[in-house]
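Q: Below is upload15.cif; it holds mmCIF, C-alpha atoms.
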data_query
loop_
_atom_site.label_atom_id
_atom_site.label_comp_id
_atom_site.auth_asym_id
_atom_site.auth_seq_id
_atom_site.Cartn_x
_atom_site.Cartn_y
_atom_site.Cartn_z
CA MET A 1 0.00 0.00 0.00
CA PRO A 2 1.27 3.51 -0.73
CA SER A 3 2.45 5.41 2.31
CA THR A 4 0.67 8.56 3.47
CA PRO A 5 2.38 11.57 1.85
CA ARG A 6 4.58 13.49 4.24
CA ASN A 7 4.50 17.25 4.54
CA ARG A 8 7.92 18.21 3.23
CA THR A 9 7.40 21.96 3.52
CA VAL A 10 9.80 23.55 6.01
CA SER A 11 8.13 24.14 9.35
CA ARG A 12 8.47 27.92 9.26
CA LEU A 13 6.36 28.08 6.07
CA GLN A 14 3.76 25.43 6.88
CA PRO A 15 1.35 28.02 8.37
CA PHE A 16 1.36 29.83 5.02
CA ALA A 17 0.69 26.87 2.72
CA SER A 18 -2.73 28.19 1.66
CA THR A 19 -4.43 31.58 1.68
CA ILE A 20 -7.88 32.77 2.61
CA PHE A 21 -8.14 34.40 -0.82
CA ALA A 22 -7.85 31.08 -2.63
CA GLU A 23 -10.43 29.51 -0.32
CA MET A 24 -12.98 32.29 -0.69
CA THR A 25 -12.46 32.56 -4.45
CA ALA A 26 -13.11 28.83 -4.80
CA LEU A 27 -16.34 29.18 -2.83
CA ALA A 28 -17.35 32.22 -4.89
CA THR A 29 -16.82 30.25 -8.10
CA LEU A 30 -18.71 27.23 -6.79
CA HIS A 31 -21.76 29.32 -5.87
CA ASP A 32 -21.54 31.94 -8.65
CA ALA A 33 -21.10 34.60 -5.98
CA VAL A 34 -20.15 38.26 -6.35
CA ASN A 35 -16.54 38.13 -5.17
CA LEU A 36 -15.78 41.06 -2.87
CA GLY A 37 -13.02 39.10 -1.17
CA GLN A 38 -9.81 39.73 -3.11
CA GLY A 39 -8.69 43.30 -3.65
CA PHE A 40 -8.19 43.75 -7.35
CA PRO A 41 -10.06 46.06 -9.75
CA ASP A 42 -12.07 44.73 -12.69
CA THR A 43 -11.37 47.62 -15.07
CA ASP A 44 -8.19 48.55 -16.95
CA GLY A 45 -5.87 51.43 -16.33
CA PRO A 46 -5.22 54.41 -18.62
CA ALA A 47 -5.54 53.51 -22.30
CA ALA A 48 -2.40 55.42 -23.29
CA MET A 49 -0.38 53.50 -20.69
CA LEU A 50 -1.64 50.19 -22.06
CA GLU A 51 -0.67 51.30 -25.56
CA VAL A 52 2.89 52.07 -24.42
CA ALA A 53 3.16 48.50 -23.12
CA ARG A 54 1.81 47.05 -26.38
CA ARG A 55 4.23 49.16 -28.41
CA ALA A 56 7.14 48.09 -26.20
CA ILE A 57 6.35 44.42 -26.88
CA ALA A 58 6.03 45.06 -30.63
CA GLU A 59 9.33 46.95 -30.66
CA GLY A 60 11.25 44.13 -29.00
CA VAL A 61 11.39 45.21 -25.35
CA ASN A 62 11.09 41.58 -24.30
CA GLN A 63 14.46 40.63 -22.84
CA TYR A 64 16.06 41.18 -19.44
CA PRO A 65 15.95 44.82 -18.40
CA PRO A 66 18.70 46.17 -16.11
CA GLY A 67 18.67 44.50 -12.71
CA PRO A 68 17.70 47.63 -10.74
CA GLY A 69 15.00 48.47 -13.30
CA MET A 70 14.99 50.50 -16.49
CA PRO A 71 16.46 53.99 -16.01
CA VAL A 72 13.32 55.57 -17.48
CA LEU A 73 11.17 54.02 -14.76
CA ARG A 74 13.57 54.69 -11.90
CA GLN A 75 13.80 58.31 -13.00
CA ALA A 76 10.01 58.60 -13.23
CA ILE A 77 9.59 57.13 -9.73
CA ALA A 78 12.12 59.57 -8.28
CA GLU A 79 10.58 62.54 -10.09
CA ASP A 80 7.07 61.59 -8.99
CA ARG A 81 8.20 61.53 -5.35
CA ARG A 82 9.93 64.88 -5.75
CA ILE A 83 6.90 66.55 -7.30
CA ARG A 84 4.29 65.17 -4.90
CA TYR A 85 6.19 65.04 -1.61
CA GLY A 86 9.34 67.12 -2.06
CA LEU A 87 11.49 64.02 -1.46
CA ASP A 88 14.68 63.72 -3.48
CA SER A 89 16.01 60.26 -4.36
CA ASP A 90 18.91 59.25 -6.56
CA PRO A 91 17.32 57.07 -9.27
CA ASP A 92 20.58 55.19 -9.77
CA SER A 93 21.28 54.15 -6.17
CA GLU A 94 18.11 54.80 -4.13
CA VAL A 95 15.32 53.36 -6.34
CA LEU A 96 14.90 49.65 -7.05
CA VAL A 97 12.23 48.20 -9.37
CA THR A 98 10.74 44.94 -8.08
CA VAL A 99 8.22 42.29 -9.09
CA GLY A 100 5.37 44.02 -7.33
CA ALA A 101 5.32 45.48 -3.85
CA THR A 102 5.20 41.99 -2.35
CA GLU A 103 8.68 41.17 -3.62
CA ALA A 104 9.97 44.53 -2.36
CA ILE A 105 8.60 43.70 1.10
CA SER A 106 10.13 40.23 1.16
CA ALA A 107 13.46 41.43 -0.18
CA ALA A 108 13.64 44.24 2.38
CA ILE A 109 13.10 41.83 5.25
CA LEU A 110 15.45 39.18 3.84
CA GLY A 111 18.14 41.71 3.02
CA LEU A 112 18.02 43.82 6.19
CA VAL A 113 16.94 41.55 9.08
CA GLU A 114 19.17 38.82 10.53
CA PRO A 115 17.73 35.47 11.68
CA GLY A 116 16.53 35.78 15.27
CA GLU A 117 16.05 39.55 15.10
CA GLU A 118 12.54 40.88 15.65
CA VAL A 119 10.14 42.55 13.24
CA VAL A 120 7.13 44.38 14.69
CA LEU A 121 3.86 44.35 12.75
CA ILE A 122 0.71 46.36 13.40
CA GLU A 123 -2.21 43.96 13.29
CA PRO A 124 -4.32 43.14 11.45
CA TYR A 125 -1.57 43.02 8.82
CA TYR A 126 -1.21 42.22 5.13
CA ASP A 127 -0.56 38.49 5.08
CA SER A 128 2.73 38.54 3.19
CA TYR A 129 4.44 40.37 6.07
CA ALA A 130 4.27 37.36 8.37
CA ALA A 131 5.37 34.96 5.63
CA SER A 132 8.34 37.16 4.77
CA VAL A 133 9.41 37.37 8.40
CA ALA A 134 9.28 33.57 8.54
CA LEU A 135 11.31 33.28 5.33
CA ALA A 136 14.01 35.42 6.92
CA GLY A 137 14.10 33.29 10.07
CA ALA A 138 13.23 36.39 12.06
CA VAL A 139 10.81 36.71 14.98
CA ARG A 140 7.38 38.30 14.51
CA ARG A 141 5.91 40.52 17.20
CA THR A 142 2.58 42.31 16.86
CA VAL A 143 0.73 45.27 18.30
CA PRO A 144 -2.94 46.02 17.62
CA LEU A 145 -4.93 48.70 16.04
CA VAL A 146 -7.67 49.66 18.48
CA ALA A 147 -11.20 50.90 17.91
CA ALA A 148 -11.46 54.69 17.76
CA GLY A 149 -14.87 56.12 17.01
CA ASP A 150 -16.07 54.35 13.87
CA GLY A 151 -12.50 53.60 12.79
CA PHE A 152 -9.18 52.42 14.18
CA ALA A 153 -6.03 53.92 15.68
CA VAL A 154 -2.53 52.72 16.46
CA ASP A 155 -2.03 51.64 20.08
CA LEU A 156 1.09 53.71 20.60
CA ASP A 157 1.66 52.49 24.17
CA ALA A 158 1.52 48.88 23.01
CA LEU A 159 3.87 49.70 20.16
CA ARG A 160 6.43 51.18 22.51
CA GLY A 161 6.11 48.16 24.80
CA ALA A 162 6.68 45.73 21.94
CA ILE A 163 10.11 47.12 21.06
CA THR A 164 12.96 45.13 22.61
CA ALA A 165 16.73 45.08 22.30
CA LYS A 166 16.30 42.52 19.49
CA THR A 167 13.90 44.60 17.42
CA LYS A 168 15.38 45.49 14.02
CA MET A 169 12.44 46.57 11.90
CA LEU A 170 8.97 48.03 12.18
CA ILE A 171 6.49 47.62 9.31
CA VAL A 172 4.05 50.47 8.81
CA ASN A 173 1.18 50.33 6.31
CA SER A 174 -0.84 53.48 5.69
CA PRO A 175 -3.32 53.62 4.04
CA HIS A 176 -3.89 50.35 5.83
CA ASN A 177 -4.90 46.96 4.47
CA PRO A 178 -7.21 45.41 5.66
CA THR A 179 -8.93 48.14 7.71
CA GLY A 180 -8.77 51.07 5.27
CA THR A 181 -7.37 53.27 8.05
CA VAL A 182 -5.27 56.30 7.10
CA PHE A 183 -2.93 56.93 10.02
CA THR A 184 -3.09 60.42 11.45
CA ASP A 185 -0.18 62.84 11.40
CA HIS A 186 0.06 62.43 15.18
CA GLU A 187 0.32 58.65 14.89
CA LEU A 188 2.94 58.77 12.14
CA ARG A 189 5.06 61.30 14.00
CA ALA A 190 4.90 59.22 17.18
CA ILE A 191 6.00 56.14 15.22
CA ALA A 192 8.83 58.15 13.65
CA GLU A 193 10.02 59.42 17.02
CA LEU A 194 10.04 55.88 18.39
CA ALA A 195 11.95 54.57 15.37
CA CYS A 196 14.60 57.26 15.77
CA GLU A 197 14.83 56.76 19.52
CA ARG A 198 15.27 52.99 19.21
CA ASP A 199 17.30 53.03 15.97
CA LEU A 200 14.81 50.94 13.98
CA ILE A 201 14.55 50.40 10.25
CA VAL A 202 11.03 51.21 9.08
CA LEU A 203 9.54 49.37 6.13
CA SER A 204 6.74 51.66 4.97
CA ASP A 205 4.18 49.98 2.72
CA GLU A 206 2.52 52.82 0.83
CA VAL A 207 0.92 50.95 -2.09
CA TYR A 208 -2.40 52.73 -1.49
CA GLU A 209 -0.76 56.16 -1.25
CA HIS A 210 -3.03 57.63 -3.96
CA LEU A 211 -6.24 56.06 -2.69
CA VAL A 212 -7.18 58.31 0.22
CA PHE A 213 -10.68 59.76 0.56
CA ASP A 214 -12.69 62.47 2.29
CA GLY A 215 -10.05 65.14 1.77
CA LEU A 216 -7.39 63.22 3.70
CA ALA A 217 -3.76 63.38 2.59
CA HIS A 218 -1.07 60.73 2.51
CA THR A 219 2.07 61.47 4.53
CA PRO A 220 5.15 59.43 3.55
CA MET A 221 7.10 58.09 6.51
CA ALA A 222 10.35 59.17 4.86
CA SER A 223 9.19 62.81 4.94
CA LEU A 224 9.15 62.95 8.76
CA PRO A 225 12.10 64.21 10.82
CA GLY A 226 14.93 61.69 11.07
CA MET A 227 13.19 59.11 8.89
CA ARG A 228 14.75 59.42 5.47
CA GLU A 229 17.91 57.57 6.49
CA ARG A 230 16.04 54.68 8.15
CA THR A 231 13.01 54.13 5.88
CA VAL A 232 12.48 51.76 2.96
CA THR A 233 9.33 52.91 1.17
CA VAL A 234 7.46 50.36 -0.93
CA SER A 235 4.84 51.19 -3.56
CA SER A 236 3.71 49.95 -6.95
CA ALA A 237 1.74 50.60 -10.11
CA ALA A 238 -0.85 47.95 -9.21
CA LYS A 239 -3.33 49.95 -7.17
CA THR A 240 -2.44 53.34 -8.66
CA PHE A 241 -3.05 52.40 -12.30
CA ASN A 242 -5.30 49.29 -12.08
CA VAL A 243 -2.61 46.88 -13.27
CA THR A 244 -2.29 44.35 -10.46
CA GLY A 245 -1.25 41.68 -12.97
CA TRP A 246 1.75 43.64 -14.18
CA LYS A 247 3.55 43.13 -10.86
CA THR A 248 5.61 46.29 -11.19
CA GLY A 249 6.65 47.71 -7.84
CA TRP A 250 9.55 49.53 -6.26
CA ALA A 251 11.53 50.18 -3.12
CA ILE A 252 12.96 53.61 -2.32
CA GLY A 253 15.42 54.49 0.41
CA PRO A 254 18.98 55.47 1.24
CA ARG A 255 21.65 53.54 -0.62
CA GLU A 256 22.81 51.54 2.39
CA LEU A 257 19.29 50.13 2.83
CA ILE A 258 18.48 49.67 -0.86
CA ASP A 259 21.76 47.76 -1.26
CA GLY A 260 20.41 45.19 1.18
CA VAL A 261 17.06 45.01 -0.58
CA ARG A 262 18.81 44.55 -3.94
CA ALA A 263 21.08 41.82 -2.57
CA ALA A 264 18.03 39.70 -1.78
CA LYS A 265 15.85 40.72 -4.72
CA GLN A 266 18.38 39.85 -7.41
CA PHE A 267 18.30 36.19 -6.38
CA MET A 268 14.51 36.05 -6.13
CA SER A 269 13.40 37.23 -9.57
CA PHE A 270 16.50 39.00 -10.92
CA VAL A 271 14.40 41.47 -12.94
CA ALA A 272 10.81 42.68 -13.36
CA GLY A 273 8.79 42.53 -16.60
CA ALA A 274 10.48 44.60 -19.30
CA PRO A 275 7.62 45.93 -21.46
CA PHE A 276 5.63 47.12 -18.46
CA GLN A 277 8.39 49.38 -17.17
CA PRO A 278 8.26 52.11 -19.87
CA ALA A 279 4.47 51.99 -19.63
CA VAL A 280 4.48 52.62 -15.88
CA ALA A 281 7.07 55.37 -16.37
CA TYR A 282 4.71 56.98 -18.89
CA ALA A 283 1.79 56.73 -16.45
CA LEU A 284 3.70 58.23 -13.53
CA THR A 285 4.64 61.18 -15.73
CA ASN A 286 1.42 61.72 -17.67
CA GLU A 287 -1.58 60.08 -16.00
CA GLN A 288 -1.98 61.85 -12.66
CA PRO A 289 -5.37 63.31 -13.76
CA TRP A 290 -6.55 59.73 -14.37
CA VAL A 291 -5.47 58.84 -10.82
CA VAL A 292 -7.51 61.73 -9.42
CA GLU A 293 -10.59 60.42 -11.25
CA LEU A 294 -9.89 56.91 -9.96
CA ARG A 295 -9.73 58.17 -6.39
CA GLN A 296 -13.01 60.04 -6.76
CA SER A 297 -14.67 57.00 -8.32
CA LEU A 298 -13.48 54.70 -5.54
CA GLN A 299 -14.77 57.04 -2.85
CA GLY A 300 -18.19 56.82 -4.47
CA LYS A 301 -17.98 53.03 -4.66
CA ARG A 302 -17.01 52.90 -0.99
CA ASP A 303 -20.10 54.92 -0.12
CA VAL A 304 -22.35 52.64 -2.17
CA LEU A 305 -21.04 49.52 -0.46
CA GLY A 306 -21.08 51.14 2.97
CA LYS A 307 -24.75 52.08 2.54
CA ALA A 308 -25.64 48.55 1.39
CA LEU A 309 -23.83 46.95 4.32
CA THR A 310 -25.47 49.30 6.82
CA GLU A 311 -28.93 48.62 5.39
CA ALA A 312 -28.22 44.87 5.58
CA GLY A 313 -27.66 45.21 9.33
CA PHE A 314 -23.89 45.37 9.69
CA THR A 315 -22.05 47.99 11.69
CA VAL A 316 -19.64 49.52 9.18
CA HIS A 317 -16.28 51.01 10.11
CA SER A 318 -15.18 54.13 8.30
CA GLY A 319 -12.68 53.60 5.51
CA GLY A 320 -10.39 56.54 4.84
CA GLY A 321 -8.56 54.84 1.98
CA THR A 322 -7.63 51.64 0.08
CA TYR A 323 -10.12 49.25 -1.55
CA PHE A 324 -11.70 47.96 1.66
CA LEU A 325 -14.43 48.39 4.24
CA LEU A 326 -14.73 46.41 7.46
CA ALA A 327 -18.14 45.32 8.71
CA ASP A 328 -19.05 44.04 12.18
CA ILE A 329 -21.26 40.92 12.01
CA ARG A 330 -22.44 40.98 15.62
CA PRO A 331 -25.61 43.02 14.94
CA LEU A 332 -26.67 40.13 12.69
CA GLY A 333 -26.40 37.72 15.61
CA GLU A 334 -23.13 36.29 14.28
CA THR A 335 -19.90 35.92 16.23
CA ASP A 336 -17.43 34.03 14.01
CA ALA A 337 -16.39 35.83 10.83
CA GLY A 338 -14.68 32.74 9.43
CA ASP A 339 -17.84 30.65 9.62
CA PHE A 340 -19.90 33.58 8.38
CA CYS A 341 -17.69 34.12 5.30
CA ARG A 342 -17.57 30.43 4.42
CA ALA A 343 -21.37 30.29 4.46
CA LEU A 344 -22.02 33.61 2.74
CA PRO A 345 -21.42 32.58 -0.92
CA GLU A 346 -24.05 29.84 -0.70
CA ARG A 347 -26.31 31.84 1.59
CA ILE A 348 -26.72 34.99 -0.55
CA GLY A 349 -24.12 34.77 -3.32
CA VAL A 350 -21.51 37.21 -1.98
CA ALA A 351 -17.92 36.45 -0.98
CA ALA A 352 -15.80 38.35 1.54
CA VAL A 353 -12.89 37.52 3.88
CA PRO A 354 -12.68 37.29 7.68
CA VAL A 355 -10.28 39.79 9.24
CA ASP A 356 -8.96 37.49 11.97
CA VAL A 357 -6.78 35.63 9.43
CA PHE A 358 -4.65 38.81 9.27
CA ALA A 359 -3.85 38.79 12.98
CA ASP A 360 -1.98 36.78 15.59
CA ASN A 361 -4.48 37.66 18.33
CA ARG A 362 -7.37 36.32 16.29
CA ASP A 363 -10.07 36.49 18.96
CA ASP A 364 -9.87 40.29 18.90
CA TRP A 365 -10.88 40.36 15.23
CA LYS A 366 -13.29 37.43 14.84
CA HIS A 367 -16.32 39.70 14.51
CA LEU A 368 -15.09 41.62 11.47
CA VAL A 369 -15.34 40.94 7.74
CA ARG A 370 -13.48 42.73 4.94
CA PHE A 371 -15.36 43.68 1.77
CA ALA A 372 -13.63 45.09 -1.34
CA PHE A 373 -15.39 47.84 -3.30
CA CYS A 374 -12.95 48.19 -6.24
CA LYS A 375 -15.48 46.74 -8.70
CA GLN A 376 -17.61 48.01 -11.57
CA ASP A 377 -20.78 49.82 -10.57
CA HIS A 378 -23.12 47.10 -11.82
CA ILE A 379 -21.20 44.49 -9.81
CA LEU A 380 -21.52 46.58 -6.65
CA SER A 381 -25.22 47.12 -7.37
CA GLU A 382 -25.77 43.38 -7.62
CA ALA A 383 -23.78 42.82 -4.43
CA ALA A 384 -25.94 45.44 -2.70
CA ARG A 385 -29.09 43.70 -3.89
CA ARG A 386 -27.89 40.38 -2.54
CA LEU A 387 -26.75 41.88 0.74
CA HIS A 388 -30.26 43.24 1.29
CA LEU A 389 -31.45 39.62 1.23
CA LEU A 390 -29.16 38.67 4.10
CA GLN A 391 -31.46 39.10 7.04
CA GLY A 392 -34.08 36.91 5.39
CA ALA A 393 -31.67 34.23 4.19
CA ALA A 394 -31.57 31.01 6.16
CA HIS A 395 -28.26 29.47 7.16
CA PRO A 396 -27.35 26.56 4.89
#
Can the structure from this file be put into structure tokens for me?
A:
Amino acid sequence: MPSTPRNRTVSRLQPFASTIFAEMTALATLHDAVNLGQGFPDTDGPAAMLEVARRAIAEGVNQYPPGPGMPVLRQAIAEDRRIRYGLDSDPDSEVLVTVGATEAISAAILGLVEPGEEVVLIEPYYDSYAASVALAGAVRRTVPLVAAGDGFAVDLDALRGAITAKTKMLIVNSPHNPTGTVFTDHELRAIAELACERDLIVLSDEVYEHLVFDGLAHTPMASLPGMRERTVTVSSAAKTFNVTGWKTGWAIGPRELIDGVRAAKQFMSFVAGAPFQPAVAYALTNEQPWVVELRQSLQGKRDVLGKALTEAGFTVHSGGGTYFLLADIRPLGETDAGDFCRALPERIGVAAVPVDVFADNRDDWKHLVRFAFCKQDHILSEAARRLHLLQGAAHP
């Protein structure tokens, strides 16, 4: 008889063998549900940007680009930061093009954190952070966001208490996935002061930097006093220009930090996709008005989904940015978001994800569900219609 297959995955990666996104997408497909689980848009980015990519392919831009990224893209990234934030970066030594923001995050942790050193995450956190810390053989520590009005705030006392002599890096994500929180200037300055005081590297995930609503403004961590020399900023074209499948991201920081990121990145993917790089450079330089329209459109979509969720009986937390809204299931008589989300596709034909999967202290988040609103209007309208059926739908 054949033996039972052994799990040959290394122990530090076994907790990350599958993702909630794959599970919920499979359930959405099975039940023909409106999938508001995974955060990707269902419309294309600027037409002129897409044409630049097509032309690049036709003109033979299909081989390895330079390892750090094409000069035209690195220059466009640096110039964009200078224009919008007044931050100067050397495109040759302080900007690195990566295969999406996820690779930039992993490479920063692998290249800058020694095994056994600690990385502090603010939970709930984007799931790749924990996996990347595990890949590096580092130690993950977490501090929570806490409820503040109808939103969330950083627990600054808990953050200070989590820093030890072994702490090497702090990961900051604003605008924040999964909660949609945009950290306040007070919070960011307090984090910056702590990082300077304790000599920490800060990995600042700013992929949603353009997607802030209600008149709020994004503040880059690197712009705060003392932070330029200790911050690796990560962003990408994915959320800014609706091209999540292009996997074109970047890391920006002082040379001594970017050297470490590059040392890891070059043995992960070596280079990012060639024909997409001139297209993203074009978009950064020419398509800022399109981004403004995108932001306005997403704010309207957020409001549509928020209204539908409220009318369905959820308590909805405010979302100052990103693609996401969090909804509290307890007013519906539910207590376990995981069970709720696994039943929802069959129950009413809508898919979402439980927030507790993004946290170490899962009990604190088991009542919350994340819904994505980055979908076409008719998709959101159908989701709203189905959500209105929720209170009358029997459990399967």
Q: In Å, rounded to a single decimal, give me how far CA of Leu326 (chain A) is from CA of Glu123 (chain A).
A: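 Going from CA of Glu123 (chain A) over to CA of Leu326 (chain A), I get 14.0 Å.
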Q: Evaluate the PyMOL selection byres ((chain A and resi 265-271) around 10) on the structure here and hand back the selected residues as an MDAnalysis selection string.
A: chainID A and resid 63:70 96:99 103:108 110:111 259:264 272:274
Q: Using CA of Ala131 (chain A) and CA of Leu298 (chain A) as the two end points, give the distance in Å to one decimal.
A: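 One can read the CA of Ala131 (chain A) to CA of Leu298 (chain A) distance as 29.5 Å.
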Q: Taking the point (7.5, 44.5, 21.6) as given in the file, collect each protein or nucleic acid residue that comes within 8 Å of it, counting all atoms listed in the file, and present the set as a ChimeraX atom specification.
A: /A:120,141-143,158-164,167
Q: Each residue of region 246-355 of chain A with at least one atom at most 8 Å from region 218-231 of chain A should appear once, together with its nearest atom pair and the corresponding distance in Å (one decimal); atoms considered: only C-alpha atoms; ordering: chain, then increasing residue number; output as a tab-separated table.
A:
residue	atom	partner	partner_atom	distance
A:Gly253	CA	A:Thr231	CA	6.0
A:Pro254	CA	A:Glu229	CA	5.8
A:Leu257	CA	A:Arg230	CA	7.7
Q: Output the residue selection produced by the PyMOL selection byres ((chain A and resi 201-212) around 8) on the file above, formatted as a PyMOL selection string.
A: chain A and resi 101+105+108+168-176+182+195+199-200+213-218+220-221+230-236+238-240+291+295+298+320-323
Q: Store the residues picked out above, limited to C-alpha atoms, as a compact mmCIF listing (two decimals), in the frame of the given file.
A:
# COMPACT_ATOMS: atom_id res chain seq x y z
CA ALA A 101 5.32 45.48 -3.85
CA ILE A 105 8.60 43.70 1.10
CA ALA A 108 13.64 44.24 2.38
CA LYS A 168 15.38 45.49 14.02
CA MET A 169 12.44 46.57 11.90
CA LEU A 170 8.97 48.03 12.18
CA ILE A 171 6.49 47.62 9.31
CA VAL A 172 4.05 50.47 8.81
CA ASN A 173 1.18 50.33 6.31
CA SER A 174 -0.84 53.48 5.69
CA PRO A 175 -3.32 53.62 4.04
CA HIS A 176 -3.89 50.35 5.83
CA VAL A 182 -5.27 56.30 7.10
CA ALA A 195 11.95 54.57 15.37
CA ASP A 199 17.30 53.03 15.97
CA LEU A 200 14.81 50.94 13.98
CA PHE A 213 -10.68 59.76 0.56
CA ASP A 214 -12.69 62.47 2.29
CA GLY A 215 -10.05 65.14 1.77
CA LEU A 216 -7.39 63.22 3.70
CA ALA A 217 -3.76 63.38 2.59
CA HIS A 218 -1.07 60.73 2.51
CA PRO A 220 5.15 59.43 3.55
CA MET A 221 7.10 58.09 6.51
CA ARG A 230 16.04 54.68 8.15
CA THR A 231 13.01 54.13 5.88
CA VAL A 232 12.48 51.76 2.96
CA THR A 233 9.33 52.91 1.17
CA VAL A 234 7.46 50.36 -0.93
CA SER A 235 4.84 51.19 -3.56
CA SER A 236 3.71 49.95 -6.95
CA ALA A 238 -0.85 47.95 -9.21
CA LYS A 239 -3.33 49.95 -7.17
CA THR A 240 -2.44 53.34 -8.66
CA VAL A 291 -5.47 58.84 -10.82
CA ARG A 295 -9.73 58.17 -6.39
CA LEU A 298 -13.48 54.70 -5.54
CA GLY A 320 -10.39 56.54 4.84
CA GLY A 321 -8.56 54.84 1.98
CA THR A 322 -7.63 51.64 0.08
CA TYR A 323 -10.12 49.25 -1.55
Q: Is it possible to add N, CA, C and O atoms to region 59-73 of chain A and hand it back as a PDB file, in the frame of the given file?
A:
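The resulting file, part_6.pdb, is shown below:
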ATOM      1  N   GLU A  59       8.019  46.408 -30.285  1.00  0.00           N
ATOM      2  CA  GLU A  59       9.330  46.950 -30.660  1.00  0.00           C
ATOM      3  C   GLU A  59      10.488  46.165 -30.061  1.00  0.00           C
ATOM      4  O   GLU A  59      11.638  46.587 -30.148  1.00  0.00           O
ATOM      5  N   GLY A  60      10.185  45.014 -29.432  1.00  0.00           N
ATOM      6  CA  GLY A  60      11.250  44.130 -29.000  1.00  0.00           C
ATOM      7  C   GLY A  60      11.750  44.323 -27.575  1.00  0.00           C
ATOM      8  O   GLY A  60      12.819  43.817 -27.216  1.00  0.00           O
ATOM      9  N   VAL A  61      10.972  45.026 -26.745  1.00  0.00           N
ATOM     10  CA  VAL A  61      11.390  45.210 -25.350  1.00  0.00           C
ATOM     11  C   VAL A  61      10.918  43.980 -24.562  1.00  0.00           C
ATOM     12  O   VAL A  61      10.000  44.051 -23.749  1.00  0.00           O
ATOM     13  N   ASN A  62      11.558  42.861 -24.834  1.00  0.00           N
ATOM     14  CA  ASN A  62      11.090  41.580 -24.300  1.00  0.00           C
ATOM     15  C   ASN A  62      12.186  40.750 -23.653  1.00  0.00           C
ATOM     16  O   ASN A  62      11.955  39.588 -23.317  1.00  0.00           O
ATOM     17  N   GLN A  63      13.350  41.342 -23.466  1.00  0.00           N
ATOM     18  CA  GLN A  63      14.460  40.630 -22.840  1.00  0.00           C
ATOM     19  C   GLN A  63      14.729  41.235 -21.457  1.00  0.00           C
ATOM     20  O   GLN A  63      14.063  42.158 -21.026  1.00  0.00           O
ATOM     21  N   TYR A  64      15.746  40.687 -20.781  1.00  0.00           N
ATOM     22  CA  TYR A  64      16.060  41.180 -19.440  1.00  0.00           C
ATOM     23  C   TYR A  64      16.306  42.683 -19.454  1.00  0.00           C
ATOM     24  O   TYR A  64      17.169  43.172 -20.186  1.00  0.00           O
ATOM     25  N   PRO A  65      15.582  43.423 -18.617  1.00  0.00           N
ATOM     26  CA  PRO A  65      15.950  44.820 -18.400  1.00  0.00           C
ATOM     27  C   PRO A  65      17.101  44.891 -17.392  1.00  0.00           C
ATOM     28  O   PRO A  65      17.497  43.866 -16.824  1.00  0.00           O
ATOM     29  N   PRO A  66      17.654  46.059 -17.147  1.00  0.00           N
ATOM     30  CA  PRO A  66      18.700  46.170 -16.110  1.00  0.00           C
ATOM     31  C   PRO A  66      18.186  45.680 -14.762  1.00  0.00           C
ATOM     32  O   PRO A  66      17.008  45.853 -14.430  1.00  0.00           O
ATOM     33  N   GLY A  67      19.063  45.071 -13.996  1.00  0.00           N
ATOM     34  CA  GLY A  67      18.670  44.500 -12.710  1.00  0.00           C
ATOM     35  C   GLY A  67      17.940  45.462 -11.790  1.00  0.00           C
ATOM     36  O   GLY A  67      16.915  45.083 -11.194  1.00  0.00           O
ATOM     37  N   PRO A  68      18.415  46.695 -11.629  1.00  0.00           N
ATOM     38  CA  PRO A  68      17.700  47.630 -10.740  1.00  0.00           C
ATOM     39  C   PRO A  68      16.410  48.172 -11.333  1.00  0.00           C
ATOM     40  O   PRO A  68      15.656  48.858 -10.638  1.00  0.00           O
ATOM     41  N   GLY A  69      16.142  47.885 -12.606  1.00  0.00           N
ATOM     42  CA  GLY A  69      15.000  48.470 -13.300  1.00  0.00           C
ATOM     43  C   GLY A  69      15.465  49.400 -14.397  1.00  0.00           C
ATOM     44  O   GLY A  69      16.579  49.925 -14.365  1.00  0.00           O
ATOM     45  N   MET A  70      14.626  49.603 -15.390  1.00  0.00           N
ATOM     46  CA  MET A  70      14.990  50.500 -16.490  1.00  0.00           C
ATOM     47  C   MET A  70      15.201  51.921 -15.969  1.00  0.00           C
ATOM     48  O   MET A  70      14.418  52.407 -15.144  1.00  0.00           O
ATOM     49  N   PRO A  71      16.236  52.609 -16.467  1.00  0.00           N
ATOM     50  CA  PRO A  71      16.460  53.990 -16.010  1.00  0.00           C
ATOM     51  C   PRO A  71      15.247  54.887 -16.177  1.00  0.00           C
ATOM     52  O   PRO A  71      14.964  55.718 -15.312  1.00  0.00           O
ATOM     53  N   VAL A  72      14.476  54.701 -17.268  1.00  0.00           N
ATOM     54  CA  VAL A  72      13.320  55.570 -17.480  1.00  0.00           C
ATOM     55  C   VAL A  72      12.298  55.416 -16.369  1.00  0.00           C
ATOM     56  O   VAL A  72      11.666  56.412 -15.953  1.00  0.00           O
ATOM     57  N   LEU A  73      12.131  54.224 -15.848  1.00  0.00           N
ATOM     58  CA  LEU A  73      11.170  54.020 -14.760  1.00  0.00           C
ATOM     59  C   LEU A  73      11.742  54.519 -13.439  1.00  0.00           C
ATOM     60  O   LEU A  73      11.038  55.178 -12.662  1.00  0.00           O
TER      61      LEU A  73
END
